[in-house]
Amino acid sequence: MALVALTACSEGAARLGLPEAATEQAPNVGNLWLGAWIASFAVGGLVWGLIIWAIIRYRRREGDAPAPRQTTYHLPLELLYTLVPFLIVGVMFFYTIKAQDAMVEQDSEPDVVINVIGQKWSWTFNYMEEGNPDVGTNAHEIGTLERIPDLYLPVNKRVRFNLESADVIHSFWVPSFYFKLDVIPGHSNSFDATPNKLGTYDGKCAELCGEFHSLMLFKVHVVSEEEYEAKVRELAESGNAGERKLEPAKQAVLQTAAPEEQK
């Protein structure tokens, strides 16, 4: 009843704390989140109901014995409270795996590819548009401690994010995507997302990566395809043409030094 009331009050309350979803894939996690709350309310309501019923039904009355009759064991009840938790966990596990598989599923031919580099303590975004006749070149943007970088994405286009780290473990997180993925030195990670709502969204590092971890912020701008292509061309023309890669020497050092750095 409380959940229904919250849903009726506002769309924001119906999300139970989640920000507004901004990708086609996000509802997979949103539905799992809502289902977990429904299950929690149901279990909590049942437990509290049994507690209140037991308090009222078995309260001591005048003339009762000093102590109630003692029972060594109650086999049906013990089976119930042993099997029901397994059932609850099993159902939640099934839907968690189902949501996870949907979130990490990748298309063989994404519409846009963006190579992301996490570094102490900001982000580099490489727009891989050399094969796009409307753009014709790759371009990049490098963030610094003084300047938060902007990430531009075309609406309703499937975007492949390839994640690499230049130093320690970071985590690429856009809360409105309902998904985050670690950025690990020496190990490439990737995922697909299809932004489907125009707007500006916050992005950040979700891994405690060092002294200025809190400054690893970025802004995601979901724009029309024309605006996206114009932005990439603008970056290229302003001196940011080409892909900004990890330096080979730096990569070689990371392969041996990363474990010590991560400690």
# chains A, B, ... in the order shown; residues from 1 in each chain; ligands from 1
$ residues_around --residues "Asn28 of chain A" --least-positions-apart "2" --cutoff "9 Å" --atoms "only C-alpha atoms" --output "list of chain:residue names"
A:Glu24, A:Gln25, A:Ala26, A:Gly30, A:Asn31, A:Leu32, A:Trp33, A:Lys98, A:Ala99, A:Gln100, A:Ala102, A:Met103, A:Tyr178
$ write_last_selection --atoms "all heavy atoms" --output "mmCIF file, in the first residue's frame"
data_model
loop_
_atom_site.group_PDB
_atom_site.id
_atom_site.type_symbol
_atom_site.label_atom_id
_atom_site.label_comp_id
_atom_site.auth_asym_id
_atom_site.auth_seq_id
_atom_site.Cartn_x
_atom_site.Cartn_y
_atom_site.Cartn_z
ATOM 1 N N GLU A 24 18.404 3.272 -22.876
ATOM 2 C CA GLU A 24 17.470 2.171 -23.125
ATOM 3 C C GLU A 24 17.731 1.002 -22.188
ATOM 4 O O GLU A 24 16.815 0.243 -21.847
ATOM 5 C CB GLU A 24 17.597 1.706 -24.575
ATOM 6 C CG GLU A 24 17.039 2.671 -25.612
ATOM 7 C CD GLU A 24 17.122 2.121 -27.015
ATOM 8 O OE1 GLU A 24 17.545 0.939 -27.167
ATOM 9 O OE2 GLU A 24 16.794 2.847 -27.968
ATOM 10 N N GLN A 25 18.988 0.822 -21.767
ATOM 11 C CA GLN A 25 19.347 -0.320 -20.929
ATOM 12 C C GLN A 25 19.014 -0.098 -19.454
ATOM 13 O O GLN A 25 18.849 -1.061 -18.695
ATOM 14 C CB GLN A 25 20.851 -0.611 -21.058
ATOM 15 C CG GLN A 25 21.299 -1.115 -22.416
ATOM 16 C CD GLN A 25 21.436 -0.006 -23.456
ATOM 17 O OE1 GLN A 25 21.409 1.184 -23.119
ATOM 18 N NE2 GLN A 25 21.577 -0.371 -24.720
ATOM 19 N N ALA A 26 18.905 1.149 -19.020
ATOM 20 C CA ALA A 26 18.742 1.463 -17.599
ATOM 21 C C ALA A 26 17.523 0.793 -16.945
ATOM 22 O O ALA A 26 17.611 0.370 -15.783
ATOM 23 C CB ALA A 26 18.685 2.974 -17.402
ATOM 24 N N GLY A 30 16.578 -0.592 -13.144
ATOM 25 C CA GLY A 30 15.487 0.077 -12.449
ATOM 26 C C GLY A 30 14.406 -0.891 -12.006
ATOM 27 O O GLY A 30 13.908 -0.805 -10.872
ATOM 28 N N ASN A 31 14.042 -1.827 -12.874
ATOM 29 C CA ASN A 31 13.021 -2.822 -12.518
ATOM 30 C C ASN A 31 13.521 -3.757 -11.421
ATOM 31 O O ASN A 31 12.750 -4.173 -10.544
ATOM 32 C CB ASN A 31 12.624 -3.621 -13.755
ATOM 33 C CG ASN A 31 11.890 -2.773 -14.782
ATOM 34 O OD1 ASN A 31 11.309 -1.741 -14.451
ATOM 35 N ND2 ASN A 31 11.926 -3.181 -16.041
ATOM 36 N N LEU A 32 14.813 -4.110 -11.475
ATOM 37 C CA LEU A 32 15.387 -4.960 -10.431
ATOM 38 C C LEU A 32 15.365 -4.235 -9.087
ATOM 39 O O LEU A 32 15.022 -4.822 -8.054
ATOM 40 C CB LEU A 32 16.824 -5.333 -10.804
ATOM 41 C CG LEU A 32 17.581 -6.197 -9.787
ATOM 42 C CD1 LEU A 32 16.954 -7.581 -9.683
ATOM 43 C CD2 LEU A 32 19.059 -6.311 -10.171
ATOM 44 N N TRP A 33 15.726 -2.959 -9.098
ATOM 45 C CA TRP A 33 15.717 -2.139 -7.884
ATOM 46 C C TRP A 33 14.309 -2.057 -7.292
ATOM 47 O O TRP A 33 14.114 -2.245 -6.091
ATOM 48 C CB TRP A 33 16.235 -0.756 -8.251
ATOM 49 C CG TRP A 33 16.146 0.311 -7.206
ATOM 50 C CD1 TRP A 33 15.219 1.320 -7.149
ATOM 51 C CD2 TRP A 33 17.020 0.520 -6.091
ATOM 52 N NE1 TRP A 33 15.457 2.140 -6.072
ATOM 53 C CE2 TRP A 33 16.559 1.669 -5.395
ATOM 54 C CE3 TRP A 33 18.137 -0.148 -5.607
ATOM 55 C CZ2 TRP A 33 17.183 2.156 -4.251
ATOM 56 C CZ3 TRP A 33 18.768 0.342 -4.457
ATOM 57 C CH2 TRP A 33 18.291 1.474 -3.808
ATOM 58 N N LYS A 98 19.648 -11.925 -14.760
ATOM 59 C CA LYS A 98 18.930 -11.511 -15.970
ATOM 60 C C LYS A 98 19.192 -10.035 -16.275
ATOM 61 O O LYS A 98 19.474 -9.663 -17.429
ATOM 62 C CB LYS A 98 17.431 -11.753 -15.780
ATOM 63 C CG LYS A 98 16.587 -11.505 -17.019
ATOM 64 C CD LYS A 98 15.128 -11.845 -16.764
ATOM 65 C CE LYS A 98 14.283 -11.569 -17.998
ATOM 66 N NZ LYS A 98 12.848 -11.893 -17.746
ATOM 67 N N ALA A 99 19.137 -9.170 -15.249
ATOM 68 C CA ALA A 99 19.408 -7.741 -15.444
ATOM 69 C C ALA A 99 20.868 -7.511 -15.814
ATOM 70 O O ALA A 99 21.186 -6.695 -16.688
ATOM 71 C CB ALA A 99 19.054 -6.967 -14.180
ATOM 72 N N GLN A 100 21.762 -8.238 -15.169
ATOM 73 C CA GLN A 100 23.192 -8.089 -15.455
ATOM 74 C C GLN A 100 23.504 -8.442 -16.902
ATOM 75 O O GLN A 100 24.238 -7.720 -17.591
ATOM 76 C CB GLN A 100 23.993 -8.989 -14.513
ATOM 77 C CG GLN A 100 25.477 -9.062 -14.822
ATOM 78 C CD GLN A 100 26.185 -10.071 -13.948
ATOM 79 O OE1 GLN A 100 26.442 -9.804 -12.786
ATOM 80 N NE2 GLN A 100 26.482 -11.242 -14.498
ATOM 81 N N ALA A 102 21.561 -8.343 -19.454
ATOM 82 C CA ALA A 102 21.004 -7.328 -20.348
ATOM 83 C C ALA A 102 21.874 -6.076 -20.362
ATOM 84 O O ALA A 102 22.043 -5.432 -21.408
ATOM 85 C CB ALA A 102 19.586 -6.982 -19.927
ATOM 86 N N MET A 103 22.466 -5.723 -19.224
ATOM 87 C CA MET A 103 23.274 -4.508 -19.141
ATOM 88 C C MET A 103 24.630 -4.664 -19.830
ATOM 89 O O MET A 103 25.166 -3.695 -20.382
ATOM 90 C CB MET A 103 23.496 -4.119 -17.679
ATOM 91 C CG MET A 103 22.234 -3.692 -16.949
ATOM 92 S SD MET A 103 21.399 -2.261 -17.675
ATOM 93 C CE MET A 103 22.553 -0.961 -17.301
ATOM 94 N N TYR A 178 22.448 4.003 -14.709
ATOM 95 C CA TYR A 178 22.217 2.871 -13.802
ATOM 96 C C TYR A 178 23.288 1.792 -13.978
ATOM 97 O O TYR A 178 23.017 0.584 -13.835
ATOM 98 C CB TYR A 178 20.836 2.242 -14.022
ATOM 99 C CG TYR A 178 19.654 3.110 -13.703
ATOM 100 C CD1 TYR A 178 19.792 4.441 -13.316
ATOM 101 C CD2 TYR A 178 18.357 2.606 -13.793
ATOM 102 C CE1 TYR A 178 18.697 5.238 -13.034
ATOM 103 C CE2 TYR A 178 17.251 3.404 -13.502
ATOM 104 C CZ TYR A 178 17.427 4.717 -13.131
ATOM 105 O OH TYR A 178 16.323 5.504 -12.855
#
$ residues_around --residues "segment 150-166 of chain A" --least-positions-apart "3" --cutoff "6 Å" --atoms "only C-alpha atoms" --output "number ranges by chain"
A: 110-119, 183-185, 188-196, 218-225, 228
$ select_by_dssp --residues "segment 15-140 of chain A" --states "alpha helix (DSSP H)" --output "PyMOL selection string"
chain A and resi 26-57+75-104
$ select_by_dssp --residues "segment 123-203 of chain A" --states "strand (DSSP E or B)" --output "PyMOL selection string"
chain A and resi 123-127+139-142+150-154+159-165+170-174+179-184+187+189-193+195+199-203
$ residues_around --residues "Lys180 of chain A" --least-positions-apart "6" --cutoff "8 Å" --atoms "only C-alpha atoms" --output "ChimeraX atom specification"
/A:171-174,206
$ closest_residue --among "A:Gly186, A:His213, A:Leu16, A:Glu62" --to "Trp37 of chain A" --atoms "only C-alpha atoms"
A:Leu16
